[in-house]
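Asker: My structure file structure_29.tsv, TSV, C-alpha atoms, is below:
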chain	number	residue	atom	x	y	z
A	1	MET	CA	5.44	-26.71	-38.07
A	2	SER	CA	9.05	-27.78	-38.57
A	3	ILE	CA	10.91	-30.65	-36.93
A	4	LYS	CA	13.38	-28.04	-35.69
A	5	ARG	CA	10.67	-26.39	-33.64
A	6	LEU	CA	9.74	-29.68	-31.99
A	7	ILE	CA	13.31	-30.00	-30.75
A	8	TYR	CA	12.72	-27.00	-28.50
A	9	ILE	CA	9.95	-28.75	-26.57
A	10	PRO	CA	12.16	-31.00	-24.36
A	11	TYR	CA	14.37	-27.99	-23.58
A	12	TYR	CA	11.37	-25.88	-22.56
A	13	LEU	CA	10.01	-28.65	-20.37
A	14	PHE	CA	13.37	-29.07	-18.67
A	15	LYS	CA	14.00	-25.34	-18.08
A	16	THR	CA	10.49	-24.29	-17.05
A	17	LYS	CA	10.04	-23.14	-13.47
A	18	TRP	CA	7.02	-25.31	-12.80
A	19	ASN	CA	6.21	-23.66	-9.49
A	20	LEU	CA	5.70	-20.40	-11.37
A	21	PHE	CA	3.80	-22.15	-14.17
A	22	PHE	CA	1.23	-23.60	-11.77
A	23	LYS	CA	1.03	-20.37	-9.77
A	24	TYR	CA	0.27	-18.45	-12.97
A	25	SER	CA	-2.14	-21.17	-14.12
A	26	ARG	CA	-4.20	-20.85	-10.95
A	27	PHE	CA	-4.25	-17.08	-11.33
A	28	VAL	CA	-5.38	-17.09	-14.97
A	29	LYS	CA	-7.95	-19.83	-14.35
A	30	ARG	CA	-9.48	-17.74	-11.59
A	31	GLU	CA	-9.28	-14.37	-13.34
A	32	LYS	CA	-10.47	-15.57	-16.76
A	33	ARG	CA	-12.85	-18.21	-15.41
A	34	ILE	CA	-11.65	-20.93	-17.75
A	35	THR	CA	-10.94	-24.60	-17.18
A	36	TYR	CA	-7.45	-26.01	-16.81
A	37	PHE	CA	-8.10	-28.14	-19.89
A	38	ARG	CA	-8.76	-25.08	-22.04
A	39	LEU	CA	-5.86	-23.17	-20.48
A	40	TYR	CA	-3.29	-25.92	-21.01
A	41	ARG	CA	-4.56	-26.47	-24.54
A	42	GLU	CA	-3.90	-22.77	-25.16
A	43	VAL	CA	-0.40	-23.06	-23.70
A	44	LEU	CA	0.42	-26.08	-25.87
A	45	HIS	CA	-0.96	-24.35	-28.96
A	46	THR	CA	1.22	-21.32	-28.20
A	47	MET	CA	4.30	-23.49	-27.77
A	48	LEU	CA	3.80	-25.21	-31.11
A	49	LYS	CA	2.69	-22.23	-33.17
A	50	HIS	CA	4.86	-19.45	-31.75
A	51	ASN	CA	7.91	-21.40	-30.53
A	52	ALA	CA	7.12	-20.30	-27.00
A	53	SER	CA	8.10	-21.69	-23.63
A	54	PRO	CA	5.23	-22.62	-21.29
A	55	ILE	CA	5.93	-19.49	-19.22
A	56	ASP	CA	5.82	-17.23	-22.31
A	57	TYR	CA	2.06	-17.63	-22.55
A	58	PHE	CA	1.72	-16.02	-19.13
A	59	SER	CA	4.65	-13.60	-19.12
A	60	LEU	CA	3.61	-12.03	-22.42
A	61	ARG	CA	-0.02	-11.91	-21.26
A	62	PHE	CA	-1.23	-13.98	-24.21
A	63	TYR	CA	-4.34	-14.81	-22.20
A	64	ASP	CA	-5.39	-11.17	-22.75
A	65	LEU	CA	-4.54	-11.11	-26.47
A	66	PRO	CA	-6.44	-12.46	-29.47
A	67	GLU	CA	-4.57	-15.03	-31.54
A	68	GLU	CA	-3.86	-12.59	-34.38
A	69	GLU	CA	-1.99	-10.25	-32.01
A	70	ARG	CA	0.12	-12.96	-30.37
A	71	GLY	CA	2.13	-13.31	-33.55
A	72	ASN	CA	3.50	-9.79	-33.01
A	73	TYR	CA	5.49	-11.00	-30.01
A	74	PRO	CA	8.80	-12.83	-30.43
A	75	CYS	CA	8.80	-15.75	-28.01
A	76	THR	CA	11.73	-17.57	-26.44
A	77	GLY	CA	12.69	-19.74	-29.43
A	78	PHE	CA	12.49	-16.86	-31.89
A	79	MET	CA	14.57	-14.62	-29.62
A	80	TYR	CA	17.22	-17.31	-29.18
A	81	GLU	CA	17.63	-17.68	-32.93
A	82	TYR	CA	17.46	-13.93	-33.52
A	83	GLN	CA	20.13	-13.09	-30.98
A	84	LEU	CA	22.33	-15.93	-32.20
A	85	LYS	CA	22.24	-14.37	-35.66
A	86	MET	CA	22.67	-10.79	-34.45
A	87	ASN	CA	25.28	-11.57	-31.82
A	88	PRO	CA	27.50	-14.41	-33.10
A	89	GLY	CA	29.24	-16.57	-30.55
A	90	ASP	CA	32.70	-15.30	-31.43
A	91	GLN	CA	31.60	-11.69	-30.75
A	92	ARG	CA	29.73	-12.10	-27.47
A	93	ASP	CA	32.64	-12.36	-25.06
A	94	VAL	CA	33.08	-8.61	-24.77
A	95	LEU	CA	29.54	-8.40	-23.37
A	96	HIS	CA	29.51	-11.67	-21.43
A	97	ASP	CA	32.78	-11.00	-19.61
A	98	LYS	CA	32.46	-7.90	-17.41
A	99	ILE	CA	36.22	-7.36	-17.25
A	100	LYS	CA	36.50	-7.31	-21.04
A	101	PHE	CA	33.41	-5.09	-21.13
A	102	LEU	CA	34.90	-2.54	-18.74
A	103	THR	CA	38.17	-2.60	-20.64
A	104	LEU	CA	36.48	-1.78	-23.96
A	105	PHE	CA	33.91	0.66	-22.58
A	106	ASN	CA	36.04	2.22	-19.85
A	107	ASP	CA	35.41	5.75	-21.15
A	108	PHE	CA	31.67	5.25	-20.60
A	109	SER	CA	31.75	3.37	-17.28
A	110	GLY	CA	32.06	6.40	-14.98
A	111	ARG	CA	33.63	4.35	-12.20
A	112	LYS	CA	36.91	2.79	-11.12
A	113	TRP	CA	37.29	-0.96	-11.16
A	114	ALA	CA	39.91	-3.60	-10.43
A	115	THR	CA	40.28	-7.33	-10.91
A	116	LEU	CA	41.06	-9.68	-8.05
A	117	ALA	CA	44.45	-10.28	-9.62
A	118	MET	CA	45.18	-6.53	-9.60
A	119	LEU	CA	44.22	-6.23	-5.93
A	120	LYS	CA	46.35	-9.21	-4.91
A	121	GLU	CA	49.34	-8.16	-6.98
A	122	ASN	CA	49.70	-4.65	-5.57
A	123	LYS	CA	48.54	-4.13	-1.97
A	124	GLN	CA	49.24	-0.40	-2.11
A	125	PHE	CA	47.02	-0.07	-5.19
A	126	ALA	CA	44.37	-2.21	-3.49
A	127	ALA	CA	44.36	-0.04	-0.37
A	128	GLU	CA	44.07	3.14	-2.42
A	129	PHE	CA	41.37	1.68	-4.67
A	130	LEU	CA	39.21	0.63	-1.72
A	131	ARG	CA	39.84	3.84	0.22
A	132	GLU	CA	38.64	5.86	-2.76
A	133	ALA	CA	35.56	3.65	-3.01
A	134	GLY	CA	34.12	5.27	0.10
A	135	GLU	CA	31.59	3.33	2.15
A	136	LYS	CA	30.54	0.77	-0.46
A	137	ALA	CA	32.04	-1.41	-3.16
A	138	VAL	CA	30.48	-3.89	-5.59
A	139	LEU	CA	31.96	-7.37	-5.93
A	140	LYS	CA	31.11	-9.48	-8.97
A	141	ASN	CA	31.84	-12.64	-10.83
A	142	SER	CA	32.86	-11.32	-14.24
A	143	THR	CA	30.80	-13.91	-16.13
A	144	GLY	CA	27.73	-14.00	-13.88
A	145	GLY	CA	24.40	-12.86	-15.32
A	146	ALA	CA	20.87	-11.70	-14.40
A	147	GLY	CA	22.07	-10.00	-11.25
A	148	LYS	CA	23.56	-13.23	-9.89
A	149	GLN	CA	26.96	-13.44	-8.23
A	150	VAL	CA	26.92	-9.76	-7.30
A	151	GLU	CA	27.34	-8.41	-3.79
A	152	VAL	CA	27.39	-4.87	-2.45
A	153	ILE	CA	29.63	-4.62	0.61
A	154	LYS	CA	30.55	-1.99	3.13
A	155	VAL	CA	34.25	-1.35	2.74
A	156	PRO	CA	35.87	-2.57	5.99
A	157	SER	CA	38.57	-0.65	7.83
A	158	ASP	CA	41.11	-3.47	7.67
A	159	ILE	CA	41.47	-3.23	3.91
A	160	PRO	CA	42.41	-4.73	1.54
A	161	GLU	CA	42.99	-8.20	2.95
A	162	SER	CA	39.44	-8.80	4.17
A	163	VAL	CA	37.94	-7.77	0.82
A	164	ILE	CA	40.29	-10.11	-1.02
A	165	LYS	CA	39.19	-12.94	1.27
A	166	ILE	CA	35.53	-12.21	0.56
A	167	MET	CA	36.21	-12.24	-3.16
A	168	GLU	CA	38.13	-15.51	-3.04
A	169	ALA	CA	35.49	-17.20	-0.86
A	170	ASN	CA	32.63	-16.20	-3.17
A	171	ASN	CA	34.29	-16.62	-6.57
A	172	PHE	CA	34.33	-12.87	-7.23
A	173	ASP	CA	37.04	-11.69	-9.59
A	174	LEU	CA	35.97	-8.07	-10.10
A	175	ALA	CA	35.54	-5.12	-7.74
A	176	GLU	CA	33.96	-1.80	-8.70
A	177	HIS	CA	33.34	1.50	-6.99
A	178	TYR	CA	29.69	1.80	-6.04
A	179	VAL	CA	27.76	4.12	-8.35
A	180	ILE	CA	25.67	6.66	-6.44
A	181	GLN	CA	22.53	7.42	-8.40
A	182	HIS	CA	21.02	10.79	-9.20
A	183	ASP	CA	19.08	12.54	-6.43
A	184	ALA	CA	15.82	12.20	-8.37
A	185	LEU	CA	16.25	8.43	-8.65
A	186	MET	CA	17.27	8.28	-4.99
A	187	LYS	CA	14.00	9.98	-4.10
A	188	LEU	CA	12.08	7.50	-6.27
A	189	SER	CA	13.75	4.39	-4.83
A	190	PRO	CA	16.81	4.59	-2.55
A	191	SER	CA	17.38	0.88	-1.82
A	192	ALA	CA	19.36	0.08	-4.99
A	193	LEU	CA	20.98	1.55	-8.06
A	194	ASN	CA	17.99	1.80	-10.42
A	195	THR	CA	19.15	1.32	-13.99
A	196	ILE	CA	17.56	1.97	-17.36
A	197	ARG	CA	17.45	-0.93	-19.83
A	198	ILE	CA	17.90	0.49	-23.32
A	199	VAL	CA	17.81	-1.92	-26.27
A	200	THR	CA	19.70	-0.98	-29.44
A	201	GLN	CA	19.80	-2.47	-32.92
A	202	TYR	CA	22.84	-1.91	-35.13
A	203	ILE	CA	21.88	-2.22	-38.77
A	204	GLU	CA	23.59	-0.98	-41.95
A	205	GLY	CA	25.92	1.32	-40.03
A	206	LYS	CA	23.18	2.92	-37.95
A	207	VAL	CA	22.12	2.47	-34.33
A	208	ILE	CA	18.40	2.34	-33.59
A	209	ILE	CA	17.03	2.59	-30.06
A	210	LEU	CA	14.13	0.15	-29.92
A	211	LEU	CA	12.83	0.48	-26.39
A	212	ALA	CA	13.68	1.59	-22.89
A	213	PHE	CA	12.39	1.02	-19.40
A	214	LEU	CA	13.44	1.88	-15.87
A	215	ARG	CA	14.01	-0.95	-13.41
A	216	ILE	CA	12.75	0.13	-10.02
A	217	SER	CA	13.76	-1.57	-6.77
A	218	VAL	CA	11.46	-2.11	-3.82
A	219	ASN	CA	13.43	-2.55	-0.59
A	220	SER	CA	15.97	-4.59	-2.55
A	221	PRO	CA	19.75	-4.02	-2.82
A	222	VAL	CA	19.58	-4.81	-6.57
A	223	ASP	CA	17.10	-3.69	-9.24
A	224	ASN	CA	16.95	-6.89	-11.28
A	225	LEU	CA	13.36	-7.83	-12.14
A	226	SER	CA	13.95	-11.55	-11.57
A	227	VAL	CA	14.51	-11.11	-7.81
A	228	GLY	CA	12.08	-13.05	-5.66
A	229	GLU	CA	10.55	-14.98	-8.57
A	230	TYR	CA	9.81	-11.71	-10.40
A	231	GLY	CA	7.71	-10.27	-7.58
A	232	VAL	CA	9.99	-7.82	-5.76
A	233	ASN	CA	11.06	-5.17	-8.27
A	234	PHE	CA	9.14	-3.77	-11.23
A	235	GLY	CA	9.80	-2.01	-14.53
A	236	ALA	CA	8.20	1.04	-16.12
A	237	PRO	CA	8.29	2.02	-19.83
A	238	VAL	CA	10.26	5.11	-20.83
A	239	ASP	CA	9.29	7.24	-23.81
A	240	ILE	CA	12.35	7.23	-26.07
A	241	GLU	CA	11.88	10.83	-27.22
A	242	THR	CA	11.24	12.49	-23.86
A	243	GLY	CA	12.83	10.19	-21.29
A	244	MET	CA	9.61	10.28	-19.30
A	245	ILE	CA	7.91	7.21	-17.84
A	246	CYS	CA	4.82	6.77	-19.97
A	247	GLY	CA	2.98	3.92	-18.28
A	248	PRO	CA	2.47	2.23	-14.92
A	249	GLY	CA	5.05	0.06	-13.27
A	250	ILE	CA	4.71	-3.61	-14.16
A	251	TYR	CA	5.86	-6.64	-12.20
A	252	LEU	CA	6.95	-9.64	-14.23
A	253	ASP	CA	4.93	-11.66	-11.72
A	254	ILE	CA	1.55	-11.60	-13.46
A	255	THR	CA	-0.33	-12.03	-10.18
A	256	LYS	CA	0.74	-8.59	-8.96
A	257	SER	CA	-1.10	-5.39	-9.87
A	258	ASN	CA	0.40	-2.54	-11.88
A	259	VAL	CA	2.06	0.24	-9.91
A	260	LEU	CA	1.08	3.92	-10.02
A	261	HIS	CA	3.06	5.02	-6.94
A	262	HIS	CA	6.21	3.47	-5.53
A	263	PRO	CA	5.12	1.11	-2.72
A	264	VAL	CA	7.62	2.59	-0.26
A	265	THR	CA	8.40	6.19	-1.25
A	266	ARG	CA	4.94	6.86	-2.75
A	267	THR	CA	6.58	8.73	-5.62
A	268	PRO	CA	4.33	8.80	-8.74
A	269	ILE	CA	5.56	6.46	-11.49
A	270	ILE	CA	3.88	7.88	-14.60
A	271	GLY	CA	5.46	11.19	-15.56
A	272	PHE	CA	8.76	10.56	-13.75
A	273	GLU	CA	11.51	12.05	-15.91
A	274	ILE	CA	14.85	10.30	-16.32
A	275	PRO	CA	17.66	12.81	-15.66
A	276	TYR	CA	20.25	13.29	-18.42
A	277	TRP	CA	18.08	11.35	-20.86
A	278	GLU	CA	19.75	12.69	-24.01
A	279	GLN	CA	23.10	11.65	-22.57
A	280	CYS	CA	21.69	8.19	-21.81
A	281	LYS	CA	20.76	7.78	-25.47
A	282	GLU	CA	24.07	9.20	-26.67
A	283	ILE	CA	26.12	6.80	-24.55
A	284	VAL	CA	24.36	3.64	-25.82
A	285	ILE	CA	24.54	4.80	-29.44
A	286	LYS	CA	28.29	5.32	-29.13
A	287	ALA	CA	28.75	2.02	-27.31
A	288	ALA	CA	26.67	0.09	-29.86
A	289	ALA	CA	28.78	1.49	-32.69
A	290	LEU	CA	31.94	0.50	-30.81
A	291	SER	CA	30.72	-3.10	-30.52
A	292	SER	CA	29.10	-3.44	-33.94
A	293	GLY	CA	29.90	-7.17	-34.07
A	294	ASN	CA	26.97	-7.50	-31.67
A	295	ARG	CA	23.95	-5.99	-33.37
A	296	SER	CA	21.24	-6.46	-30.74
A	297	ILE	CA	22.20	-5.33	-27.24
A	298	GLY	CA	20.31	-4.63	-24.04
A	299	TRP	CA	22.29	-1.92	-22.23
A	300	ASP	CA	22.01	-1.14	-18.53
A	301	VAL	CA	22.57	2.56	-17.90
A	302	ALA	CA	22.76	4.36	-14.56
A	303	VAL	CA	22.40	8.08	-13.96
A	304	THR	CA	24.41	10.00	-11.38
A	305	ASN	CA	24.32	13.69	-10.48
A	306	GLU	CA	27.15	14.13	-12.98
A	307	GLY	CA	25.53	12.27	-15.90
A	308	ALA	CA	24.89	8.87	-17.47
A	309	VAL	CA	27.23	5.89	-17.01
A	310	LEU	CA	27.27	2.47	-18.68
A	311	ILE	CA	26.90	-0.46	-16.29
A	312	GLU	CA	26.82	-3.42	-18.69
A	313	GLY	CA	25.56	-4.74	-22.01
A	314	ASN	CA	23.68	-7.98	-22.64
A	315	HIS	CA	23.85	-10.03	-25.84
A	316	ASN	CA	20.97	-12.24	-24.68
A	317	TRP	CA	18.73	-9.56	-23.26
A	318	ASN	CA	15.50	-11.10	-22.12
A	319	LEU	CA	12.36	-10.90	-24.25
A	320	LEU	CA	10.61	-9.68	-21.09
A	321	SER	CA	12.39	-6.38	-21.71
A	322	MET	CA	9.51	-5.76	-24.12
A	323	LEU	CA	6.82	-6.37	-21.54
A	324	PRO	CA	6.57	-2.97	-19.82
A	325	GLY	CA	5.85	-1.25	-23.13
A	326	HIS	CA	3.04	-3.68	-24.09
A	327	LYS	CA	4.39	-3.88	-27.64
A	328	GLY	CA	5.74	-6.72	-29.68
A	329	TYR	CA	8.69	-6.21	-32.04
A	330	LYS	CA	8.61	-9.38	-34.11
A	331	LYS	CA	7.89	-7.57	-37.37
A	332	GLU	CA	10.82	-5.25	-36.79
A	333	PHE	CA	13.10	-8.16	-35.92
A	334	LEU	CA	12.11	-10.05	-39.04
A	335	GLN	CA	12.90	-6.96	-41.08
A	336	TYR	CA	16.31	-6.50	-39.45
A	337	SER	CA	17.09	-10.20	-39.83
A	338	SER	CA	16.38	-10.04	-43.55
A	339	MET	CA	18.92	-7.21	-43.87
A	340	ILE	CA	21.84	-9.25	-42.48
Please rewrite the model in this file as structure tokens.
Answerer:
Amino acid sequence: MSIKRLIYIPYYLFKTKWNLFFKYSRFVKREKRITYFRLYREVLHTMLKHNASPIDYFSLRFYDLPEEERGNYPCTGFMYEYQLKMNPGDQRDVLHDKIKFLTLFNDFSGRKWATLAMLKENKQFAAEFLREAGEKAVLKNSTGGAGKQVEVIKVPSDIPESVIKIMEANNFDLAEHYVIQHDALMKLSPSALNTIRIVTQYIEGKVIILLAFLRISVNSPVDNLSVGEYGVNFGAPVDIETGMICGPGIYLDITKSNVLHHPVTRTPIIGFEIPYWEQCKEIVIKAAALSSGNRSIGWDVAVTNEGAVLIEGNHNWNLLSMLPGHKGYKKEFLQYSSMI
């Protein structure tokens, strides 16, 4: 074990959500009938051997895996170093900044957008932009992440002044037309725009789609899996070839059971087919080639009745994106890393 790996330990201890750690510990102790001493020894071993955070042991379900299989999963430290190599700091801004992202990928966005500066500068443009938005608009902080600093609002009648005030009060600098999802996705889960996370790898001039899963909301205005300490929304793996959900829905909260039918709409999860799937793949392949300075990207794609649209791209896509598929990709990542 290297000195470099030991440096991660204080960071992990500082960043760990200890309320979740102890919640998961109680769950695993009860379910696996092991002592806390043995459990915490396992967690510490995982941290030192696999460069994992304390939560990784639970989130990646290492308690259900033999030691020889745990090495197939890239943990937090490995993913940090991998993404730093694949997505250098001087290239990330186009993904981190939503305004720069929409400027570069405007042809794929499928929606109108405006900055706060644009709305304030031209009141006639602002009124037209918000009138065309219909009933809803999405307000964002252009550098916010993980679904934070995003608000869906009903467009008020006294536009645009009241919207500008909301944006200024909440540090929002970007407004977008609300994307209305495909009827099939609306039937599955109508509370939010349910997006597909598709992870691409750009290597030697080619774009490889590594994995995909659908994020499914449950009575939530957003589909992000981190909502409510990972226990509100769930993800379901999508077969890359067919675009069909090929496994049960999985909450990132390990204490919650897998999902076979949506808790509210009762729509079956396994076998649900993503509309316009070939177009979904085509759009991320084109986008990945356009931003080849970032080689490892987690794309968020929405599907409307007219086709697929690109919502955003993430240079630091979370390793939990791999969880719904129950597959580790460390061997593939090591191979790609050796080719750079």
Asker: Taking the point (29.4, 1.3, -30.0) as given in the file, collect each protein or nucleic acid residue that comes within 12 Å of it, counting only C-alpha atoms, and present the set as a PyMOL selection string.
Answerer: chain A and resi 94-95+101+104-105+107-108+200-202+205-208+281-297+299+310+313
Asker: Choose the residue, out of A:Pro156, A:Asp64, A:Tyr24, A:Ser109, that has the smallest atom-to-atom separation from Tyr230 in chain A; count all atoms listed in the file.
Answerer: A:Tyr24
Asker: May I have the protein, DNA and RNA residues with any atom at most 9 Å from the point (19.5, 13.2, -7.2), counting only C-alpha atoms, written as a list in words?
Answerer: Gln181, His182, Asp183, Ala184, Leu185, Met186, Lys187, Pro275, Val303, Thr304 and Asn305 of chain A
Asker: Please identify all polymer residues within 8 Å of Ala137 in chain A, counting all atoms listed in the file, omitting same-chain residues fewer than 2 positions from it, and present them as a PDB file with C-alpha atoms, in the frame of the given file.
Answerer:
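File written: out_24.pdb
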ATOM      1  CA  LEU A 130      39.210   0.630  -1.720  1.00  0.00           C
ATOM      2  CA  ALA A 133      35.560   3.650  -3.010  1.00  0.00           C
ATOM      3  CA  GLY A 134      34.120   5.270   0.100  1.00  0.00           C
ATOM      4  CA  GLU A 135      31.590   3.330   2.150  1.00  0.00           C
ATOM      5  CA  LEU A 139      31.960  -7.370  -5.930  1.00  0.00           C
ATOM      6  CA  VAL A 152      27.390  -4.870  -2.450  1.00  0.00           C
ATOM      7  CA  ILE A 153      29.630  -4.620   0.610  1.00  0.00           C
ATOM      8  CA  LYS A 154      30.550  -1.990   3.130  1.00  0.00           C
ATOM      9  CA  VAL A 155      34.250  -1.350   2.740  1.00  0.00           C
ATOM     10  CA  ALA A 175      35.540  -5.120  -7.740  1.00  0.00           C
ATOM     11  CA  GLU A 176      33.960  -1.800  -8.700  1.00  0.00           C
ATOM     12  CA  HIS A 177      33.340   1.500  -6.990  1.00  0.00           C
ATOM     13  CA  TYR A 178      29.690   1.800  -6.040  1.00  0.00           C
TER      14      TYR A 178
END
Asker: If you take every atom of range 11-21 of chain A that the file lists and fit an axis-aligned box around them with 8 Å extra on each side, what centre and edge lengths come out in Å to one decimal, as JSON?
Answerer:
{"center_x": 9.1, "center_y": -24.7, "center_z": -16.5, "size_x": 26.6, "size_y": 24.7, "size_z": 30.1}
Asker: Applying 8 Å and only C-alpha atoms, which residues near range 74-85 of chain A remain after dropping the ones on its own chain fewer than 6 positions away? List them as number ranges by chain.
Answerer: A: 8, 50-53, 56, 296, 315-316, 319, 328-330, 333, 337
Asker: Work out how far apart CA of Ser220 in chain A and CA of Ser191 in chain A are and give it in Å to one decimal.
Answerer: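 Between CA of Ser220 in chain A and CA of Ser191 in chain A the gap works out to 5.7 Å.
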Asker: If I take CA of Leu320 in chain A and CA of Asn171 in chain A, how far is one from the other in Å, to one decimal?
Answerer: 28.6 Å
Asker: Between CA of Ile196 in chain A and CA of Leu214 in chain A, what distance in Å does the model show, to one decimal?
Answerer: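 About the pair CA of Ile196 in chain A and CA of Leu214 in chain A: they are 4.4 Å apart.
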Asker: From the options A:Leu210, A:Leu174, A:Leu39, A:Ile203, which residue's atoms come nearest to Met322 in chain A, counting only C-alpha atoms?
Answerer: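 Using only C-alpha atoms, the shortest distance to Met322 in chain A belongs to A:Leu210.
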Asker: So, counting only C-alpha atoms, which residue among A:Asn106, A:Ser217, A:Gln91, A:Asn170 is closest to Gln149 in chain A?
Answerer: A:Asn170
